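Novice: For reference, this is target_1.cif, and it has mmCIF, C-alpha atoms.
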```
data_work
#
loop_
_atom_site.label_atom_id
_atom_site.label_comp_id
_atom_site.auth_asym_id
_atom_site.auth_seq_id
_atom_site.Cartn_x
_atom_site.Cartn_y
_atom_site.Cartn_z
CA MET A 541 102.91 119.20 123.04
CA THR A 542 104.64 120.05 119.75
CA ASN A 543 103.21 119.04 116.38
CA SER A 544 105.95 116.44 115.83
CA ARG A 545 105.21 114.80 119.18
CA VAL A 546 101.51 114.68 118.38
CA VAL A 547 102.26 112.98 115.07
CA LEU A 548 104.57 110.45 116.73
CA PHE A 549 101.94 109.69 119.36
CA LEU A 550 99.31 109.10 116.67
CA LEU A 551 101.64 106.82 114.70
CA PHE A 552 102.32 104.66 117.73
CA ALA A 553 98.62 104.61 118.66
CA ILE A 554 97.62 103.43 115.19
CA THR A 555 100.13 100.59 115.28
CA LEU A 556 99.23 99.49 118.79
CA GLY A 557 95.56 99.55 117.85
CA ALA A 558 96.25 97.34 114.87
CA PHE A 559 97.99 94.76 117.04
CA ALA A 560 95.16 94.85 119.57
CA GLN A 561 92.67 94.13 116.79
CA ARG A 562 94.54 90.97 115.89
CA SER A 563 93.57 89.28 119.12
CA THR A 564 89.92 90.38 119.11
CA THR A 565 88.67 90.29 115.52
CA SER A 566 90.16 87.57 113.35
CA SER A 567 92.83 84.91 113.31
CA ASN A 568 93.70 86.09 109.78
CA PHE A 569 95.04 89.35 111.20
CA LYS A 570 98.81 88.92 111.63
CA GLY A 571 101.70 91.03 112.83
CA GLY A 572 105.44 90.86 113.09
CA VAL A 573 108.77 92.58 113.65
CA ARG A 574 111.61 93.41 111.28
CA ALA A 575 115.23 94.50 111.58
CA GLY A 576 117.98 95.19 109.07
CA PHE A 577 120.10 97.91 107.55
CA THR A 578 119.90 100.68 104.98
CA ALA A 579 122.19 102.01 102.27
CA THR A 580 121.23 105.59 101.44
CA GLN A 581 122.05 108.68 99.43
CA ILE A 582 120.68 112.18 98.98
CA SER A 583 119.68 112.87 95.40
CA GLY A 584 120.81 116.41 94.64
CA ASP A 585 123.88 116.70 96.88
CA ASP A 586 126.33 115.81 94.06
CA LEU A 587 127.63 112.78 95.99
CA VAL A 588 126.75 109.76 93.88
CA GLY A 589 126.37 106.34 95.48
CA PHE A 590 124.72 104.55 98.41
CA HIS A 591 127.65 105.06 100.77
CA LYS A 592 125.78 105.90 103.99
CA LEU A 593 124.88 102.80 106.02
CA GLY A 594 122.32 102.79 108.82
CA ALA A 595 119.89 100.74 110.91
CA TYR A 596 116.30 99.83 110.07
CA ALA A 597 113.72 98.27 112.44
CA GLY A 598 110.02 98.25 113.16
CA LEU A 599 106.64 96.55 113.62
CA TYR A 600 103.95 95.62 111.11
CA ALA A 601 100.43 94.23 110.89
CA ASN A 602 98.56 92.88 107.85
CA TYR A 603 95.20 91.49 106.83
CA PRO A 604 94.22 89.49 103.70
CA LEU A 605 91.96 91.26 101.20
CA ASN A 606 90.70 88.14 99.41
CA ASP A 607 89.87 84.50 100.11
CA LYS A 608 93.05 83.19 98.49
CA GLY A 609 95.16 85.25 100.86
CA ASN A 610 97.50 86.32 98.08
CA LEU A 611 96.65 90.03 98.46
CA LYS A 612 97.16 91.80 101.78
CA LEU A 613 97.00 95.28 103.22
CA GLN A 614 99.91 96.00 105.53
CA ALA A 615 100.58 98.93 107.88
CA GLU A 616 103.94 99.44 109.57
CA ILE A 617 105.84 101.73 111.89
CA ASN A 618 109.61 101.78 111.39
CA PHE A 619 112.70 103.66 112.48
CA THR A 620 114.99 104.35 109.53
CA MET A 621 118.46 105.91 109.43
CA LYS A 622 119.20 107.87 106.26
CA GLY A 623 121.75 110.37 105.00
CA SER A 624 124.80 110.80 102.83
CA HIS A 625 128.54 110.12 103.05
CA THR A 626 131.59 110.94 100.97
CA TYR A 627 133.37 107.97 99.44
CA ILE A 628 137.09 108.13 98.70
CA PRO A 629 138.60 105.28 96.63
CA PRO A 630 141.48 103.42 98.33
CA LYS A 631 144.06 104.79 95.86
CA GLN A 632 143.16 108.34 96.91
CA THR A 633 143.22 107.93 100.69
CA ALA A 634 146.65 109.59 100.92
CA ASN A 635 145.20 112.79 99.50
CA ILE A 636 142.07 113.16 101.66
CA THR A 637 141.07 116.81 101.82
CA GLN A 638 137.32 116.48 102.25
CA LYS A 639 134.95 114.78 104.64
CA TYR A 640 131.17 114.99 104.66
CA VAL A 641 128.69 112.97 106.73
CA LEU A 642 124.95 113.61 106.95
CA ASN A 643 122.95 111.62 109.52
CA LEU A 644 119.15 111.63 109.43
CA GLY A 645 116.66 109.65 111.50
CA TYR A 646 113.00 109.07 110.64
CA VAL A 647 109.93 107.39 112.11
CA GLU A 648 108.02 106.12 109.07
CA VAL A 649 104.59 104.62 108.45
CA PRO A 650 104.24 102.70 105.15
CA VAL A 651 100.80 101.54 104.01
CA LEU A 652 101.41 98.75 101.52
CA LEU A 653 99.67 96.30 99.25
CA ARG A 654 101.41 92.92 99.35
CA TRP A 655 100.80 90.58 96.44
CA ARG A 656 101.99 86.96 96.49
CA PHE A 657 103.07 86.30 92.90
CA ALA A 658 104.77 82.92 93.42
CA ARG A 659 104.64 80.02 95.87
CA LEU A 660 107.06 77.12 96.26
CA THR A 661 105.79 73.96 97.92
CA ILE A 662 109.14 72.23 98.50
CA ARG A 663 109.43 71.39 102.21
CA GLY A 664 106.32 73.41 102.99
CA ASN A 665 105.08 76.68 101.55
CA SER A 666 107.46 79.56 100.82
CA ASP A 667 106.14 82.73 99.22
CA PHE A 668 107.49 85.51 97.00
CA GLU A 669 105.61 88.77 97.50
CA PHE A 670 105.69 92.17 95.84
CA GLU A 671 105.10 95.27 98.02
CA LEU A 672 104.03 98.74 96.91
CA GLY A 673 102.61 101.83 98.57
CA PRO A 674 103.10 105.30 100.03
CA MET A 675 105.12 106.04 103.16
CA PHE A 676 104.77 108.95 105.56
CA GLY A 677 107.78 109.95 107.68
CA VAL A 678 108.69 112.33 110.51
CA ASN A 679 112.26 113.61 110.73
CA LEU A 680 113.67 113.16 114.25
CA TYR A 681 117.16 114.60 113.85
CA GLN A 682 119.66 116.11 111.40
CA ARG A 683 123.43 116.07 111.94
CA GLU A 684 125.81 117.34 109.27
CA ARG A 685 129.60 117.24 109.68
CA ASP A 686 132.72 117.89 107.66
CA LEU A 687 136.45 117.63 108.35
CA TYR A 688 136.23 120.43 110.91
CA GLY A 689 133.17 119.21 112.81
CA GLN A 690 129.52 120.24 112.89
CA ILE A 691 128.45 122.34 109.90
CA GLN A 692 126.59 125.46 110.91
CA GLY A 693 124.03 127.50 108.97
CA ARG A 694 122.85 124.80 106.59
CA PRO A 695 119.21 124.75 105.46
CA PRO A 696 117.10 122.48 107.70
CA PHE A 697 115.42 119.34 106.44
CA SER A 698 111.64 119.24 106.25
CA ARG A 699 109.94 117.88 109.35
CA PHE A 700 107.69 115.60 107.29
CA GLU A 701 108.44 113.36 104.32
CA LEU A 702 106.22 111.64 101.77
CA SER A 703 107.82 108.75 99.88
CA ALA A 704 106.97 105.88 97.56
CA LEU A 705 108.12 102.39 98.51
CA ALA A 706 108.45 99.22 96.44
CA GLY A 707 109.97 95.91 97.41
CA ILE A 708 110.15 92.14 97.15
CA SER A 709 109.96 89.79 100.12
CA TYR A 710 110.57 86.07 100.46
CA MET A 711 108.98 84.06 103.27
CA PHE A 712 110.81 80.81 103.99
CA ASN A 713 107.80 79.57 105.94
CA GLU A 714 104.88 80.92 107.95
CA HIS A 715 107.12 82.87 110.34
CA HIS A 716 110.49 83.79 108.80
CA GLY A 717 111.30 85.98 105.81
CA VAL A 718 113.65 88.51 104.23
CA SER A 719 112.94 91.58 102.14
CA PHE A 720 114.61 94.07 99.82
CA ARG A 721 113.00 97.49 99.44
CA PHE A 722 113.59 100.74 97.59
CA SER A 723 112.10 104.09 98.58
CA ASN A 724 112.40 107.60 97.21
CA SER A 725 110.98 110.91 98.40
CA ILE A 726 108.06 112.19 96.35
CA LEU A 727 108.41 115.69 97.78
CA ARG A 728 111.77 117.35 98.40
CA VAL A 729 113.25 116.90 101.87
CA ARG A 730 115.37 120.04 101.74
CA LYS A 731 115.18 123.12 99.55
CA PRO A 732 117.94 125.62 98.76
CA ASN A 733 118.60 128.58 100.98
CA TRP A 734 120.53 130.86 98.67
CA ALA A 735 121.23 133.38 101.41
CA VAL A 736 123.09 130.76 103.42
CA ASN A 737 124.68 128.21 101.12
CA ARG A 738 124.58 128.17 97.33
CA GLY A 739 125.78 124.56 97.25
CA VAL A 740 122.48 123.12 98.47
CA LYS A 741 120.08 122.06 95.70
CA LEU A 742 116.64 120.48 95.91
CA GLN A 743 117.28 117.22 97.75
CA TYR A 744 115.45 113.88 98.04
CA ASN A 745 116.07 110.77 100.15
CA THR A 746 116.84 107.61 98.19
CA VAL A 747 117.04 104.44 100.28
CA LEU A 748 117.82 100.74 99.84
CA MET A 749 116.49 98.61 102.73
CA PHE A 750 117.48 95.05 103.56
CA SER A 751 115.74 93.29 106.44
CA TYR A 752 114.83 90.05 108.16
CA PHE A 753 111.28 89.81 109.53
CA TYR A 754 109.48 87.45 111.88
CA GLN A 755 105.69 87.02 111.65
CA PHE A 756 103.84 85.85 114.74
#
```
Is it possible to give me this structure as structure tokens?
Specialist:
Amino acid sequence: MTNSRVVLFLLFAITLGAFAQRSTTSSNFKGGVRAGFTATQISGDDLVGFHKLGAYAGLYANYPLNDKGNLKLQAEINFTMKGSHTYIPPKQTANITQKYVLNLGYVEVPVLLRWRFARLTIRGNSDFEFELGPMFGVNLYQRERDLYGQIQGRPPFSRFELSALAGISYMFNEHHGVSFRFSNSILRVRKPNWAVNRGVKLQYNTVLMFSYFYQF
């Protein structure tokens, strides 16, 4: 079994163990599912803007850290699509000479502190929460294309990624909510390979995540 498969197995085992604990330890232990989309860019590729769209989905489990329940520890396992894409303004579409698409896929495990900083009591309780923490990711695939097809000989992306994540979520009620998140690589995800391509600089994933989540 390769190292990446071992890591993926451990990530799934941790998450499944967390959900199993929910039914055997405490009613305060809660879990849920989320799904949404990402808008991403690669810092360092000289293509400015969040023009690459992708999917975002996963599972989570959390547990309150105090009696008020306004501070929680949350662990997740998510699949996140990242990458980069050229953007050509409509007025320039007649003169298209370049095309560049980078598709990346990650399994990610964020470990977050969630702090409820506001509560509305109109028609029941609805909460605003701030989320912050580190995120560990495993790169599953890398596909890089231009106008002529698959690009060969480019430096590979790192197998593992360490990022920081911050976000705000809004829970309409006990079960339904939406969230906006921002994450950025702490360590580079690809380094230059001057023998192969001088156009590749130190690169980092920068991601905007929008999702709906349901808490059981």
Novice: Please write the residues picked by the PyMOL selection byres ((chain A and resi 747-752) around 6) on this file as an NGL selection string.
Specialist: :A and (574-580 or 717-723 or 746 or 753)
Novice: Can you turn the PyMOL selection byres ((chain A and resi 602-604) around 6) into a concrete residue list for this file, as a PyMOL selection string?
Specialist: chain A and resi 569-570+601+605-606+609+611-614
Novice: Run through the PyMOL selection byres ((chain A and resi 692-700) around 6) on the given coordinates and return the selected residues as JSON, numbers by chain.
Specialist: {"A": [677, 678, 679, 691, 701, 729, 730, 733]}
Novice: Within 12 Å of (121.7, 106.9, 100.5) (coordinates as in the file), grab all the protein and nucleic acid residues, counting all atoms listed in the file, and write them out as a PDB file with C-alpha atoms, in the coordinates of the input.
Specialist:
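File produced: result12.pdb:
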```
ATOM      1  CA  PHE A 577     120.100  97.910 107.550  1.00  0.00           C
ATOM      2  CA  THR A 578     119.900 100.680 104.980  1.00  0.00           C
ATOM      3  CA  ALA A 579     122.190 102.010 102.270  1.00  0.00           C
ATOM      4  CA  THR A 580     121.230 105.590 101.440  1.00  0.00           C
ATOM      5  CA  GLN A 581     122.050 108.680  99.430  1.00  0.00           C
ATOM      6  CA  ILE A 582     120.680 112.180  98.980  1.00  0.00           C
ATOM      7  CA  SER A 583     119.680 112.870  95.400  1.00  0.00           C
ATOM      8  CA  GLY A 584     120.810 116.410  94.640  1.00  0.00           C
ATOM      9  CA  ASP A 585     123.880 116.700  96.880  1.00  0.00           C
ATOM     10  CA  ASP A 586     126.330 115.810  94.060  1.00  0.00           C
ATOM     11  CA  LEU A 587     127.630 112.780  95.990  1.00  0.00           C
ATOM     12  CA  VAL A 588     126.750 109.760  93.880  1.00  0.00           C
ATOM     13  CA  GLY A 589     126.370 106.340  95.480  1.00  0.00           C
ATOM     14  CA  PHE A 590     124.720 104.550  98.410  1.00  0.00           C
ATOM     15  CA  HIS A 591     127.650 105.060 100.770  1.00  0.00           C
ATOM     16  CA  LYS A 592     125.780 105.900 103.990  1.00  0.00           C
ATOM     17  CA  LEU A 593     124.880 102.800 106.020  1.00  0.00           C
ATOM     18  CA  GLY A 594     122.320 102.790 108.820  1.00  0.00           C
ATOM     19  CA  THR A 620     114.990 104.350 109.530  1.00  0.00           C
ATOM     20  CA  MET A 621     118.460 105.910 109.430  1.00  0.00           C
ATOM     21  CA  LYS A 622     119.200 107.870 106.260  1.00  0.00           C
ATOM     22  CA  GLY A 623     121.750 110.370 105.000  1.00  0.00           C
ATOM     23  CA  SER A 624     124.800 110.800 102.830  1.00  0.00           C
ATOM     24  CA  HIS A 625     128.540 110.120 103.050  1.00  0.00           C
ATOM     25  CA  THR A 626     131.590 110.940 100.970  1.00  0.00           C
ATOM     26  CA  TYR A 627     133.370 107.970  99.440  1.00  0.00           C
ATOM     27  CA  VAL A 641     128.690 112.970 106.730  1.00  0.00           C
ATOM     28  CA  LEU A 642     124.950 113.610 106.950  1.00  0.00           C
ATOM     29  CA  ASN A 643     122.950 111.620 109.520  1.00  0.00           C
ATOM     30  CA  LEU A 644     119.150 111.630 109.430  1.00  0.00           C
ATOM     31  CA  PHE A 722     113.590 100.740  97.590  1.00  0.00           C
ATOM     32  CA  SER A 723     112.100 104.090  98.580  1.00  0.00           C
ATOM     33  CA  ASN A 724     112.400 107.600  97.210  1.00  0.00           C
ATOM     34  CA  SER A 725     110.980 110.910  98.400  1.00  0.00           C
ATOM     35  CA  GLN A 743     117.280 117.220  97.750  1.00  0.00           C
ATOM     36  CA  TYR A 744     115.450 113.880  98.040  1.00  0.00           C
ATOM     37  CA  ASN A 745     116.070 110.770 100.150  1.00  0.00           C
ATOM     38  CA  THR A 746     116.840 107.610  98.190  1.00  0.00           C
ATOM     39  CA  VAL A 747     117.040 104.440 100.280  1.00  0.00           C
ATOM     40  CA  LEU A 748     117.820 100.740  99.840  1.00  0.00           C
ATOM     41  CA  MET A 749     116.490  98.610 102.730  1.00  0.00           C
TER      42      MET A 749
END
```
Novice: Can you work out which one of A:Phe668, A:Tyr681, A:Phe676, A:Trp655 has the shortest atom-to-atom distance to Leu727 (chain A), counting only C-alpha atoms?
Specialist: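 For Leu727 (chain A), the nearest of the candidates is A:Phe676.
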Novice: Counting all atoms listed in the file, which of A:Met711, A:Arg656, A:His716, A:Gly645 gets nearest to Gln682 (chain A)?
Specialist: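 The closest residue to Gln682 (chain A) is A:Gly645.
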Novice: Given the choices A:Gln638, A:Phe712, A:Leu702, A:Gly673, which gets closest to Leu687 (chain A) if the distance is worked out from all atoms listed in the file?
Specialist: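 Smallest separation from Leu687 (chain A) among the options: A:Gln638.
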Novice: Of the residues A:Val573, A:Ala704, A:Val651, A:Leu660, which is the one nearest to Tyr600 (chain A), using all atoms listed in the file?
Specialist: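 Checking each candidate against Tyr600 (chain A), we get A:Val573 as the closest.
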Novice: So how many Å separate CA of Gly707 (chain A) and CA of Gly571 (chain A), to one decimal?
Specialist: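 Between CA of Gly707 (chain A) and CA of Gly571 (chain A) the gap works out to 18.2 Å.
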Novice: Start from the incomplete input, build all heavy atoms for region 708-719 of chain A, and deliver everything as a compact mmCIF listing (two decimals), in the coordinates of the input.
Specialist:
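New file rebuild34.txt:
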```txt
# COMPACT_ATOMS: atom_id res chain seq x y z
N ILE A 708 110.42 93.56 97.33
CA ILE A 708 110.15 92.14 97.15
C ILE A 708 110.54 91.43 98.44
O ILE A 708 111.61 91.69 99.01
CB ILE A 708 110.95 91.56 95.97
CG1 ILE A 708 110.46 92.15 94.65
CG2 ILE A 708 110.83 90.04 95.93
CD1 ILE A 708 111.22 91.67 93.45
N SER A 709 109.66 90.56 98.92
CA SER A 709 109.96 89.79 100.12
C SER A 709 109.86 88.30 99.80
O SER A 709 109.14 87.88 98.89
CB SER A 709 109.01 90.16 101.25
OG SER A 709 107.67 89.80 100.94
N TYR A 710 110.60 87.53 100.58
CA TYR A 710 110.57 86.07 100.46
C TYR A 710 110.36 85.47 101.83
O TYR A 710 111.15 85.72 102.75
CB TYR A 710 111.87 85.56 99.85
CG TYR A 710 111.97 84.04 99.85
CD1 TYR A 710 111.10 83.27 99.07
CD2 TYR A 710 112.93 83.38 100.62
CE1 TYR A 710 111.19 81.88 99.07
CE2 TYR A 710 113.02 82.00 100.62
CZ TYR A 710 112.15 81.25 99.85
OH TYR A 710 112.22 79.88 99.84
N MET A 711 109.27 84.72 102.01
CA MET A 711 108.98 84.06 103.27
C MET A 711 109.38 82.59 103.17
O MET A 711 108.85 81.86 102.34
CB MET A 711 107.50 84.18 103.64
CG MET A 711 107.06 85.60 103.94
SD MET A 711 105.47 85.69 104.83
CE MET A 711 105.93 84.98 106.42
N PHE A 712 110.35 82.20 103.99
CA PHE A 712 110.81 80.81 103.99
C PHE A 712 109.71 79.87 104.45
O PHE A 712 109.60 78.74 103.97
CB PHE A 712 112.02 80.66 104.91
CG PHE A 712 113.17 81.56 104.55
CD1 PHE A 712 113.41 82.71 105.28
CD2 PHE A 712 114.01 81.27 103.49
CE1 PHE A 712 114.47 83.54 104.97
CE2 PHE A 712 115.06 82.09 103.17
CZ PHE A 712 115.30 83.23 103.91
N ASN A 713 108.92 80.35 105.41
CA ASN A 713 107.80 79.57 105.94
C ASN A 713 106.80 80.55 106.54
O ASN A 713 106.84 81.74 106.23
CB ASN A 713 108.29 78.54 106.98
CG ASN A 713 109.17 79.19 108.05
OD1 ASN A 713 108.85 80.27 108.55
ND2 ASN A 713 110.27 78.53 108.41
N GLU A 714 105.94 80.07 107.41
CA GLU A 714 104.88 80.92 107.95
C GLU A 714 105.42 82.06 108.81
O GLU A 714 104.76 83.09 108.96
CB GLU A 714 103.92 80.05 108.79
CG GLU A 714 102.73 80.82 109.35
CD GLU A 714 101.83 79.93 110.19
OE1 GLU A 714 102.10 78.71 110.27
OE2 GLU A 714 100.86 80.46 110.77
N HIS A 715 106.63 81.90 109.36
CA HIS A 715 107.12 82.87 110.34
C HIS A 715 108.33 83.69 109.88
O HIS A 715 108.47 84.84 110.30
CB HIS A 715 107.48 82.14 111.64
CG HIS A 715 106.33 81.45 112.29
ND1 HIS A 715 105.27 82.13 112.86
CD2 HIS A 715 106.06 80.12 112.42
CE1 HIS A 715 104.40 81.26 113.35
NE2 HIS A 715 104.85 80.04 113.09
N HIS A 716 109.21 83.14 109.08
CA HIS A 716 110.49 83.79 108.80
C HIS A 716 110.57 84.27 107.35
O HIS A 716 110.12 83.58 106.42
CB HIS A 716 111.65 82.82 109.06
CG HIS A 716 111.69 82.30 110.46
ND1 HIS A 716 112.32 82.98 111.49
CD2 HIS A 716 111.17 81.17 111.01
CE1 HIS A 716 112.19 82.29 112.61
NE2 HIS A 716 111.50 81.18 112.34
N GLY A 717 111.15 85.45 107.16
CA GLY A 717 111.30 85.98 105.81
C GLY A 717 112.36 87.05 105.73
O GLY A 717 112.87 87.55 106.74
N VAL A 718 112.71 87.43 104.51
CA VAL A 718 113.65 88.51 104.23
C VAL A 718 113.03 89.41 103.17
O VAL A 718 112.18 88.97 102.38
CB VAL A 718 115.02 87.99 103.77
CG1 VAL A 718 115.74 87.25 104.88
CG2 VAL A 718 114.88 87.11 102.53
N SER A 719 113.48 90.67 103.12
CA SER A 719 112.94 91.58 102.14
C SER A 719 114.00 92.55 101.64
O SER A 719 114.96 92.88 102.37
CB SER A 719 111.75 92.37 102.70
OG SER A 719 112.18 93.33 103.65
```
